[in-house]
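Notes for the one structure printed next.
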Amino acid sequence: MVEPVPARRAAVLGHPISHSRSPLLHGAAYRLLGVDCAYEAIDLTPAQLPAFMAGVRESSCWAGLSVTMPLKAAMVPLVDETSDLVRSLGVLNTVVVRRQPDGTVRLAGQNTDVAGIIEALRHAGATPGGHAVILGGGGTAAAAAAALAGLQVSSLSVCLRDPAKASAVLAVARNAGLECRVARWDDVVAELAAAQVVVSTLPPHAADPIAEGLDASGVRLDSRVLLDVTYDPWPSRIAAVWHQHGGAIVPGLEMLIYQAVEQVRLFTGMELAEPEQVINVMCDAVGAPRR
């Protein structure tokens, strides 16, 4: 028996991409909503991206694309329009595909990472005020700066080995009216000890040496929140140490869930009457606690 062809198609693009949980999240949401949309993971490098997007423009089936590393900046010049947030950050994680009445395809770039970070931190108990720290300086760090401004933290420091790579994060924070500075990498443990909220955008295991220094410091981290955007392995070493010292920890999976809900809304064009139901089936799909 031949399986029916889905009416619409969506995908997450990146390299590598086999680890992505996005197909599970989106698939669960579309089944709940009764939307006939297949969602897959497609491995693409920046060099392969232009040809792939040319194919998207020629097809009538695409609803949208999730975009992850290393394509978040490379995708920006390939879309027809971008949101104010994307223009501020210089990166996107979402492309909405819309066929126009004349048959042409229009691609709109959005960024749902910021909303994902805000909701994940709020769910963990983060509140306005206090000092925040970002570890790293890439596109996700820029999104974290916008999110922390949205959470109304009082000040921000950015810790990374090469201070020259912090310019985009500093620009986003300052454009949002958030006091921001670059901290010395050698001072990272002291910065973490003084923070109410920390977002680590470092690759898996890159923060392990920081975790050892934090553990040796003996600092208590009660009522402090750490979001580590990685989720495999989990807990990461820095998350484990943070938890052992009394702090709340948030895996990147939480951010992924919240940003995916917004992507589902954009891809389907539906206003989600009960978004908590969508969130809960997504949580079920990846083994996360229901809200």
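So you can find residues: chains in the structure tokens are A, B, ... in the order shown, residues in each start at 1, and ligands are numbered from 1 in order.
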Among the residues of range 27-242 of chain A, find those DSSP assigns to strand (DSSP E) from the backbone and print them as a PDB file with N, CA, C and O atoms, in the first residue's frame.
ATOM      1  N   CYS A  37       1.289  17.680   7.775  1.00  0.00           N
ATOM      2  CA  CYS A  37       2.589  18.285   7.470  1.00  0.00           C
ATOM      3  C   CYS A  37       3.704  17.344   7.915  1.00  0.00           C
ATOM      4  O   CYS A  37       3.796  16.992   9.092  1.00  0.00           O
ATOM      5  N   ALA A  38       4.513  16.907   6.975  1.00  0.00           N
ATOM      6  CA  ALA A  38       5.677  16.077   7.291  1.00  0.00           C
ATOM      7  C   ALA A  38       6.840  16.979   7.687  1.00  0.00           C
ATOM      8  O   ALA A  38       7.029  18.047   7.099  1.00  0.00           O
ATOM      9  N   TYR A  39       7.601  16.558   8.689  1.00  0.00           N
ATOM     10  CA  TYR A  39       8.724  17.364   9.190  1.00  0.00           C
ATOM     11  C   TYR A  39       9.937  16.452   9.335  1.00  0.00           C
ATOM     12  O   TYR A  39       9.854  15.404   9.971  1.00  0.00           O
ATOM     13  N   GLU A  40      11.063  16.862   8.756  1.00  0.00           N
ATOM     14  CA  GLU A  40      12.259  16.027   8.767  1.00  0.00           C
ATOM     15  C   GLU A  40      13.492  16.852   9.091  1.00  0.00           C
ATOM     16  O   GLU A  40      13.445  18.095   9.117  1.00  0.00           O
ATOM     17  N   ALA A  41      14.597  16.175   9.336  1.00  0.00           N
ATOM     18  CA  ALA A  41      15.896  16.810   9.539  1.00  0.00           C
ATOM     19  C   ALA A  41      16.717  16.646   8.271  1.00  0.00           C
ATOM     20  O   ALA A  41      16.834  15.539   7.743  1.00  0.00           O
ATOM     21  N   ILE A  42      17.285  17.742   7.774  1.00  0.00           N
ATOM     22  CA  ILE A  42      18.080  17.717   6.539  1.00  0.00           C
ATOM     23  C   ILE A  42      19.459  18.291   6.835  1.00  0.00           C
ATOM     24  O   ILE A  42      19.588  19.433   7.291  1.00  0.00           O
ATOM     25  N   ASP A  43      20.481  17.497   6.562  1.00  0.00           N
ATOM     26  CA  ASP A  43      21.859  17.913   6.814  1.00  0.00           C
ATOM     27  C   ASP A  43      22.363  18.764   5.648  1.00  0.00           C
ATOM     28  O   ASP A  43      22.439  18.287   4.515  1.00  0.00           O
ATOM     29  N   TRP A  62       6.248  23.441   0.540  1.00  0.00           N
ATOM     30  CA  TRP A  62       6.929  23.849   1.770  1.00  0.00           C
ATOM     31  C   TRP A  62       6.083  24.824   2.599  1.00  0.00           C
ATOM     32  O   TRP A  62       5.505  25.770   2.073  1.00  0.00           O
ATOM     33  N   ALA A  63       6.055  24.566   3.921  1.00  0.00           N
ATOM     34  CA  ALA A  63       5.381  25.469   4.858  1.00  0.00           C
ATOM     35  C   ALA A  63       6.383  26.313   5.631  1.00  0.00           C
ATOM     36  O   ALA A  63       6.123  27.471   5.949  1.00  0.00           O
ATOM     37  N   GLY A  64       7.523  25.720   5.965  1.00  0.00           N
ATOM     38  CA  GLY A  64       8.513  26.471   6.729  1.00  0.00           C
ATOM     39  C   GLY A  64       9.741  25.658   7.018  1.00  0.00           C
ATOM     40  O   GLY A  64       9.779  24.435   6.824  1.00  0.00           O
ATOM     41  N   LEU A  65      10.772  26.349   7.490  1.00  0.00           N
ATOM     42  CA  LEU A  65      12.050  25.731   7.795  1.00  0.00           C
ATOM     43  C   LEU A  65      12.544  26.212   9.148  1.00  0.00           C
ATOM     44  O   LEU A  65      12.502  27.407   9.450  1.00  0.00           O
ATOM     45  N   SER A  66      12.998  25.271   9.959  1.00  0.00           N
ATOM     46  CA  SER A  66      13.747  25.607  11.165  1.00  0.00           C
ATOM     47  C   SER A  66      15.218  25.614  10.784  1.00  0.00           C
ATOM     48  O   SER A  66      15.664  24.770   9.997  1.00  0.00           O
ATOM     49  N   VAL A  67      15.970  26.535  11.323  1.00  0.00           N
ATOM     50  CA  VAL A  67      17.363  26.713  10.916  1.00  0.00           C
ATOM     51  C   VAL A  67      18.253  26.692  12.149  1.00  0.00           C
ATOM     52  O   VAL A  67      18.038  27.445  13.099  1.00  0.00           O
ATOM     53  N   GLU A  81      12.408  38.775   3.159  1.00  0.00           N
ATOM     54  CA  GLU A  81      12.154  39.779   4.190  1.00  0.00           C
ATOM     55  C   GLU A  81      12.556  39.226   5.543  1.00  0.00           C
ATOM     56  O   GLU A  81      12.596  38.000   5.740  1.00  0.00           O
ATOM     57  N   THR A  82      12.885  40.112   6.459  1.00  0.00           N
ATOM     58  CA  THR A  82      13.271  39.700   7.805  1.00  0.00           C
ATOM     59  C   THR A  82      12.565  40.578   8.830  1.00  0.00           C
ATOM     60  O   THR A  82      12.235  41.733   8.555  1.00  0.00           O
ATOM     61  N   THR A  94      14.212  30.667  11.754  1.00  0.00           N
ATOM     62  CA  THR A  94      12.915  30.287  11.204  1.00  0.00           C
ATOM     63  C   THR A  94      12.715  30.950   9.851  1.00  0.00           C
ATOM     64  O   THR A  94      12.962  32.156   9.706  1.00  0.00           O
ATOM     65  N   VAL A  95      12.264  30.164   8.872  1.00  0.00           N
ATOM     66  CA  VAL A  95      11.879  30.712   7.572  1.00  0.00           C
ATOM     67  C   VAL A  95      10.444  30.278   7.305  1.00  0.00           C
ATOM     68  O   VAL A  95      10.140  29.081   7.272  1.00  0.00           O
ATOM     69  N   VAL A  96       9.574  31.252   7.148  1.00  0.00           N
ATOM     70  CA  VAL A  96       8.173  30.977   6.813  1.00  0.00           C
ATOM     71  C   VAL A  96       8.032  31.051   5.294  1.00  0.00           C
ATOM     72  O   VAL A  96       8.432  32.046   4.680  1.00  0.00           O
ATOM     73  N   VAL A  97       7.478  30.001   4.694  1.00  0.00           N
ATOM     74  CA  VAL A  97       7.341  29.910   3.237  1.00  0.00           C
ATOM     75  C   VAL A  97       5.883  30.165   2.874  1.00  0.00           C
ATOM     76  O   VAL A  97       4.990  29.452   3.320  1.00  0.00           O
ATOM     77  N   ARG A  98       5.668  31.189   2.050  1.00  0.00           N
ATOM     78  CA  ARG A  98       4.296  31.526   1.641  1.00  0.00           C
ATOM     79  C   ARG A  98       4.225  31.679   0.119  1.00  0.00           C
ATOM     80  O   ARG A  98       4.992  32.439  -0.465  1.00  0.00           O
ATOM     81  N   ARG A  99       3.289  30.949  -0.487  1.00  0.00           N
ATOM     82  CA  ARG A  99       3.081  31.083  -1.934  1.00  0.00           C
ATOM     83  C   ARG A  99       2.129  32.240  -2.190  1.00  0.00           C
ATOM     84  O   ARG A  99       1.056  32.331  -1.592  1.00  0.00           O
ATOM     85  N   VAL A 105       7.017  32.250  -4.657  1.00  0.00           N
ATOM     86  CA  VAL A 105       7.201  31.922  -3.244  1.00  0.00           C
ATOM     87  C   VAL A 105       7.935  33.058  -2.555  1.00  0.00           C
ATOM     88  O   VAL A 105       8.930  33.576  -3.074  1.00  0.00           O
ATOM     89  N   ARG A 106       7.431  33.464  -1.396  1.00  0.00           N
ATOM     90  CA  ARG A 106       8.081  34.505  -0.606  1.00  0.00           C
ATOM     91  C   ARG A 106       8.562  33.898   0.705  1.00  0.00           C
ATOM     92  O   ARG A 106       7.820  33.179   1.380  1.00  0.00           O
ATOM     93  N   LEU A 107       9.815  34.187   1.049  1.00  0.00           N
ATOM     94  CA  LEU A 107      10.444  33.635   2.243  1.00  0.00           C
ATOM     95  C   LEU A 107      10.624  34.732   3.283  1.00  0.00           C
ATOM     96  O   LEU A 107      11.246  35.770   3.010  1.00  0.00           O
ATOM     97  N   ALA A 108      10.085  34.515   4.470  1.00  0.00           N
ATOM     98  CA  ALA A 108      10.162  35.490   5.554  1.00  0.00           C
ATOM     99  C   ALA A 108      11.002  34.935   6.692  1.00  0.00           C
ATOM    100  O   ALA A 108      10.712  33.855   7.228  1.00  0.00           O
ATOM    101  N   GLY A 109      12.060  35.656   7.071  1.00  0.00           N
ATOM    102  CA  GLY A 109      12.954  35.222   8.139  1.00  0.00           C
ATOM    103  C   GLY A 109      12.498  35.735   9.498  1.00  0.00           C
ATOM    104  O   GLY A 109      12.209  36.922   9.667  1.00  0.00           O
ATOM    105  N   GLN A 110      12.421  34.826  10.460  1.00  0.00           N
ATOM    106  CA  GLN A 110      12.018  35.158  11.826  1.00  0.00           C
ATOM    107  C   GLN A 110      13.047  34.589  12.805  1.00  0.00           C
ATOM    108  O   GLN A 110      13.872  33.754  12.434  1.00  0.00           O
ATOM    109  N   HIS A 131      22.018  40.799  37.998  1.00  0.00           N
ATOM    110  CA  HIS A 131      23.061  40.717  36.981  1.00  0.00           C
ATOM    111  C   HIS A 131      22.943  39.403  36.213  1.00  0.00           C
ATOM    112  O   HIS A 131      22.574  38.369  36.768  1.00  0.00           O
ATOM    113  N   ALA A 132      23.240  39.450  34.914  1.00  0.00           N
ATOM    114  CA  ALA A 132      23.203  38.260  34.069  1.00  0.00           C
ATOM    115  C   ALA A 132      24.541  38.088  33.368  1.00  0.00           C
ATOM    116  O   ALA A 132      25.277  39.056  33.157  1.00  0.00           O
ATOM    117  N   VAL A 133      24.843  36.844  33.013  1.00  0.00           N
ATOM    118  CA  VAL A 133      26.082  36.517  32.312  1.00  0.00           C
ATOM    119  C   VAL A 133      25.755  35.637  31.120  1.00  0.00           C
ATOM    120  O   VAL A 133      24.930  34.712  31.229  1.00  0.00           O
ATOM    121  N   ILE A 134      26.389  35.923  29.990  1.00  0.00           N
ATOM    122  CA  ILE A 134      26.328  35.046  28.815  1.00  0.00           C
ATOM    123  C   ILE A 134      27.708  34.464  28.584  1.00  0.00           C
ATOM    124  O   ILE A 134      28.697  35.205  28.557  1.00  0.00           O
ATOM    125  N   LEU A 135      27.792  33.151  28.423  1.00  0.00           N
ATOM    126  CA  LEU A 135      29.029  32.482  28.052  1.00  0.00           C
ATOM    127  C   LEU A 135      28.993  32.216  26.553  1.00  0.00           C
ATOM    128  O   LEU A 135      28.110  31.507  26.062  1.00  0.00           O
ATOM    129  N   SER A 155      21.814  44.303  34.466  1.00  0.00           N
ATOM    130  CA  SER A 155      23.117  44.444  33.816  1.00  0.00           C
ATOM    131  C   SER A 155      23.546  43.102  33.259  1.00  0.00           C
ATOM    132  O   SER A 155      23.025  42.055  33.646  1.00  0.00           O
ATOM    133  N   LEU A 156      24.509  43.146  32.330  1.00  0.00           N
ATOM    134  CA  LEU A 156      24.931  41.943  31.620  1.00  0.00           C
ATOM    135  C   LEU A 156      26.431  41.979  31.386  1.00  0.00           C
ATOM    136  O   LEU A 156      26.986  43.023  31.033  1.00  0.00           O
ATOM    137  N   SER A 157      27.080  40.856  31.577  1.00  0.00           N
ATOM    138  CA  SER A 157      28.467  40.701  31.141  1.00  0.00           C
ATOM    139  C   SER A 157      28.558  39.494  30.213  1.00  0.00           C
ATOM    140  O   SER A 157      27.804  38.536  30.344  1.00  0.00           O
ATOM    141  N   VAL A 158      29.470  39.587  29.261  1.00  0.00           N
ATOM    142  CA  VAL A 158      29.691  38.534  28.275  1.00  0.00           C
ATOM    143  C   VAL A 158      31.089  37.988  28.478  1.00  0.00           C
ATOM    144  O   VAL A 158      32.064  38.749  28.498  1.00  0.00           O
ATOM    145  N   CYS A 159      31.205  36.683  28.639  1.00  0.00           N
ATOM    146  CA  CYS A 159      32.494  36.031  28.863  1.00  0.00           C
ATOM    147  C   CYS A 159      32.810  35.126  27.675  1.00  0.00           C
ATOM    148  O   CYS A 159      32.035  34.211  27.369  1.00  0.00           O
ATOM    149  N   GLU A 179      22.688  47.649  30.062  1.00  0.00           N
ATOM    150  CA  GLU A 179      24.095  47.873  30.389  1.00  0.00           C
ATOM    151  C   GLU A 179      24.865  46.568  30.184  1.00  0.00           C
ATOM    152  O   GLU A 179      24.510  45.529  30.743  1.00  0.00           O
ATOM    153  N   CYS A 180      25.927  46.611  29.390  1.00  0.00           N
ATOM    154  CA  CYS A 180      26.635  45.394  29.016  1.00  0.00           C
ATOM    155  C   CYS A 180      28.124  45.651  28.900  1.00  0.00           C
ATOM    156  O   CYS A 180      28.544  46.719  28.438  1.00  0.00           O
ATOM    157  N   ARG A 181      28.915  44.680  29.301  1.00  0.00           N
ATOM    158  CA  ARG A 181      30.373  44.774  29.184  1.00  0.00           C
ATOM    159  C   ARG A 181      30.943  43.394  28.901  1.00  0.00           C
ATOM    160  O   ARG A 181      30.285  42.367  29.120  1.00  0.00           O
ATOM    161  N   VAL A 182      32.172  43.373  28.410  1.00  0.00           N
ATOM    162  CA  VAL A 182      32.898  42.118  28.193  1.00  0.00           C
ATOM    163  C   VAL A 182      33.772  41.859  29.403  1.00  0.00           C
ATOM    164  O   VAL A 182      34.534  42.739  29.827  1.00  0.00           O
ATOM    165  N   ALA A 183      33.659  40.675  29.980  1.00  0.00           N
ATOM    166  CA  ALA A 183      34.459  40.293  31.140  1.00  0.00           C
ATOM    167  C   ALA A 183      35.666  39.468  30.697  1.00  0.00           C
ATOM    168  O   ALA A 183      35.614  38.764  29.685  1.00  0.00           O
ATOM    169  N   VAL A 197      21.295  35.198  36.749  1.00  0.00           N
ATOM    170  CA  VAL A 197      20.915  34.383  35.591  1.00  0.00           C
ATOM    171  C   VAL A 197      22.141  34.215  34.705  1.00  0.00           C
ATOM    172  O   VAL A 197      22.865  35.180  34.447  1.00  0.00           O
ATOM    173  N   VAL A 198      22.373  32.992  34.244  1.00  0.00           N
ATOM    174  CA  VAL A 198      23.476  32.697  33.329  1.00  0.00           C
ATOM    175  C   VAL A 198      22.928  31.914  32.145  1.00  0.00           C
ATOM    176  O   VAL A 198      22.114  30.997  32.316  1.00  0.00           O
ATOM    177  N   VAL A 199      23.364  32.298  30.950  1.00  0.00           N
ATOM    178  CA  VAL A 199      23.039  31.531  29.743  1.00  0.00           C
ATOM    179  C   VAL A 199      24.350  31.100  29.111  1.00  0.00           C
ATOM    180  O   VAL A 199      25.164  31.933  28.710  1.00  0.00           O
ATOM    181  N   SER A 200      24.582  29.797  29.046  1.00  0.00           N
ATOM    182  CA  SER A 200      25.771  29.265  28.387  1.00  0.00           C
ATOM    183  C   SER A 200      25.416  28.856  26.971  1.00  0.00           C
ATOM    184  O   SER A 200      24.543  28.010  26.761  1.00  0.00           O
ATOM    185  N   VAL A 225      19.741  30.960  38.338  1.00  0.00           N
ATOM    186  CA  VAL A 225      19.264  30.125  37.231  1.00  0.00           C
ATOM    187  C   VAL A 225      20.336  30.042  36.153  1.00  0.00           C
ATOM    188  O   VAL A 225      20.886  31.056  35.728  1.00  0.00           O
ATOM    189  N   LEU A 226      20.616  28.819  35.697  1.00  0.00           N
ATOM    190  CA  LEU A 226      21.527  28.570  34.578  1.00  0.00           C
ATOM    191  C   LEU A 226      20.768  27.882  33.456  1.00  0.00           C
ATOM    192  O   LEU A 226      20.172  26.811  33.658  1.00  0.00           O
ATOM    193  N   LEU A 227      20.792  28.489  32.274  1.00  0.00           N
ATOM    194  CA  LEU A 227      20.306  27.837  31.055  1.00  0.00           C
ATOM    195  C   LEU A 227      21.515  27.449  30.227  1.00  0.00           C
ATOM    196  O   LEU A 227      22.298  28.305  29.813  1.00  0.00           O
ATOM    197  N   ASP A 228      21.702  26.156  30.014  1.00  0.00           N
ATOM    198  CA  ASP A 228      22.754  25.655  29.129  1.00  0.00           C
ATOM    199  C   ASP A 228      22.069  25.223  27.843  1.00  0.00           C
ATOM    200  O   ASP A 228      21.243  24.304  27.850  1.00  0.00           O
TER     201      ASP A 228
END
Using only C-alpha atoms, which residues sit within 8 Å of Val261 in chain A once same-chain residues fewer than 6 positions away are excluded, as a PDB file with C-alpha atoms, in the first residue's frame?
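The result, written out as around.pdb:
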ATOM      1  CA  PRO A 275      -0.842  26.473  23.431  1.00  0.00           C
ATOM      2  CA  VAL A 278       0.827  21.807  22.226  1.00  0.00           C
ATOM      3  CA  ILE A 279       3.608  22.301  24.760  1.00  0.00           C
TER       4      ILE A 279
END
Write out as JSON, numbers by chain which residues come within 10 Å of Arg237 in chain A when counting only C-alpha atoms, dropping same-chain ones fewer than 5 positions away. {"A": [204, 205, 206, 207, 208, 209, 210, 211, 212, 242, 243]}
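Of the residues listed (A:Thr127, A:Ser59, A:Gln48, A:Thr230), A:Thr230 shows the shortest atom-to-atom separation from Pro203 in chain A; distances use only C-alpha atoms.
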Report as a PyMOL selection string all protein, DNA and RNA residues lying within 9 Å of Ala193 in chain A, evaluated on only C-alpha atoms, omitting residues in the same chain fewer than 4 positions from it. chain A and resi 188-189+214+217+219-221
Any idea what's packed within 7 Å of Gln263 in chain A, counting only C-alpha atoms, ignoring anything in its chain fewer than 3 positions away? Could you give it as a ChimeraX atom specification? /A:94,112,259-260,266-267
What's the 12 Å shell around Gly287 in chain A, counting only C-alpha atoms, without same-chain residues fewer than 6 positions away, as a PDB file with N, CA and C atoms, in the first residue's frame?
ATOM      1  N   ARG A  21      16.081  17.162  17.978  1.00  0.00           N
ATOM      2  CA  ARG A  21      14.790  16.718  18.507  1.00  0.00           C
ATOM      3  C   ARG A  21      13.618  17.420  17.822  1.00  0.00           C
ATOM      4  N   LEU A  24      10.668  15.393  16.372  1.00  0.00           N
ATOM      5  CA  LEU A  24       9.764  14.851  17.386  1.00  0.00           C
ATOM      6  C   LEU A  24       8.804  15.923  17.885  1.00  0.00           C
ATOM      7  N   LEU A  25       9.328  17.118  18.130  1.00  0.00           N
ATOM      8  CA  LEU A  25       8.499  18.203  18.658  1.00  0.00           C
ATOM      9  C   LEU A  25       7.430  18.617  17.651  1.00  0.00           C
ATOM     10  N   LEU A 253      16.886  21.850  25.870  1.00  0.00           N
ATOM     11  CA  LEU A 253      15.649  21.243  25.388  1.00  0.00           C
ATOM     12  C   LEU A 253      14.438  22.099  25.732  1.00  0.00           C
ATOM     13  N   GLU A 254      14.467  22.757  26.902  1.00  0.00           N
ATOM     14  CA  GLU A 254      13.356  23.635  27.284  1.00  0.00           C
ATOM     15  C   GLU A 254      13.238  24.804  26.311  1.00  0.00           C
ATOM     16  N   ILE A 257      11.764  23.569  23.045  1.00  0.00           N
ATOM     17  CA  ILE A 257      10.319  23.356  23.082  1.00  0.00           C
ATOM     18  C   ILE A 257       9.574  24.672  22.894  1.00  0.00           C
ATOM     19  N   ASN A 280       2.552  20.478  25.961  1.00  0.00           N
ATOM     20  CA  ASN A 280       2.556  19.208  26.688  1.00  0.00           C
ATOM     21  C   ASN A 280       2.782  18.013  25.775  1.00  0.00           C
ATOM     22  N   VAL A 281       2.211  18.015  24.569  1.00  0.00           N
ATOM     23  CA  VAL A 281       2.479  16.880  23.683  1.00  0.00           C
ATOM     24  C   VAL A 281       3.919  16.913  23.185  1.00  0.00           C
TER      25      VAL A 281
END
Residue neighbourhood Met69 in chain A, 10 Å, only C-alpha atoms, exclusion window fewer than 5 positions, as number ranges by chain: A: 13-17, 44-46, 74, 93, 139-140
Using only C-alpha atoms, please write the residues we just selected to a file, as a PDB file, in the first residue's frame.
ATOM      1  CA  LEU A  13      18.306  22.424   8.461  1.00  0.00           C
ATOM      2  CA  GLY A  14      21.819  22.269   9.923  1.00  0.00           C
ATOM      3  CA  HIS A  15      25.116  20.419  10.073  1.00  0.00           C
ATOM      4  CA  PRO A  16      25.353  18.032  11.835  1.00  0.00           C
ATOM      5  CA  ILE A  17      21.642  17.486  12.344  1.00  0.00           C
ATOM      6  CA  LEU A  44      23.176  20.945   4.918  1.00  0.00           C
ATOM      7  CA  THR A  45      26.386  22.949   4.995  1.00  0.00           C
ATOM      8  CA  PRO A  46      26.477  26.702   4.244  1.00  0.00           C
ATOM      9  CA  ALA A  74      24.048  32.194   6.094  1.00  0.00           C
ATOM     10  CA  ASN A  93      16.206  30.348  13.098  1.00  0.00           C
ATOM     11  CA  GLY A 139      24.345  33.994  17.131  1.00  0.00           C
ATOM     12  CA  THR A 140      22.692  32.222  20.052  1.00  0.00           C
TER      13      THR A 140
END
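One distance worth recording is that between CA of Ala47 in chain A and CA of Tyr258 in chain A, which is 29.5 Å.
When DSSP reads the backbone of this structure, the residues of range 106-148 of chain A it assigns to alpha helix (DSSP H) are A:Asp113, A:Val114, A:Ala115, A:Gly116, A:Ile117, A:Ile118, A:Glu119, A:Ala120, A:Leu121, A:Arg122, A:His123, A:Gly139, A:Thr140, A:Ala141, A:Ala142, A:Ala143, A:Ala144, A:Ala145, A:Ala146, A:Ala147, A:Leu148.
Separating CA of Ser18 in chain A from CA of Cys283 in chain A is a distance of 19.4 Å.
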Could you check which of A:Gly246, A:Pro23, A:Gly55, A:Gly138 is closest to Gly90 in chain A, using only C-alpha atoms? A:Gly138
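The residue that comes closest to Arg122 in chain A, out of A:Gln152, A:Thr104, A:Thr68, A:Asn175 and on the basis of only C-alpha atoms, is A:Gln152.
Shortest separation to Arg9 in chain A among A:Thr268, A:Pro163, A:Leu85, A:Arg174 occurs at residue A:Thr268, atoms counted being only C-alpha atoms.
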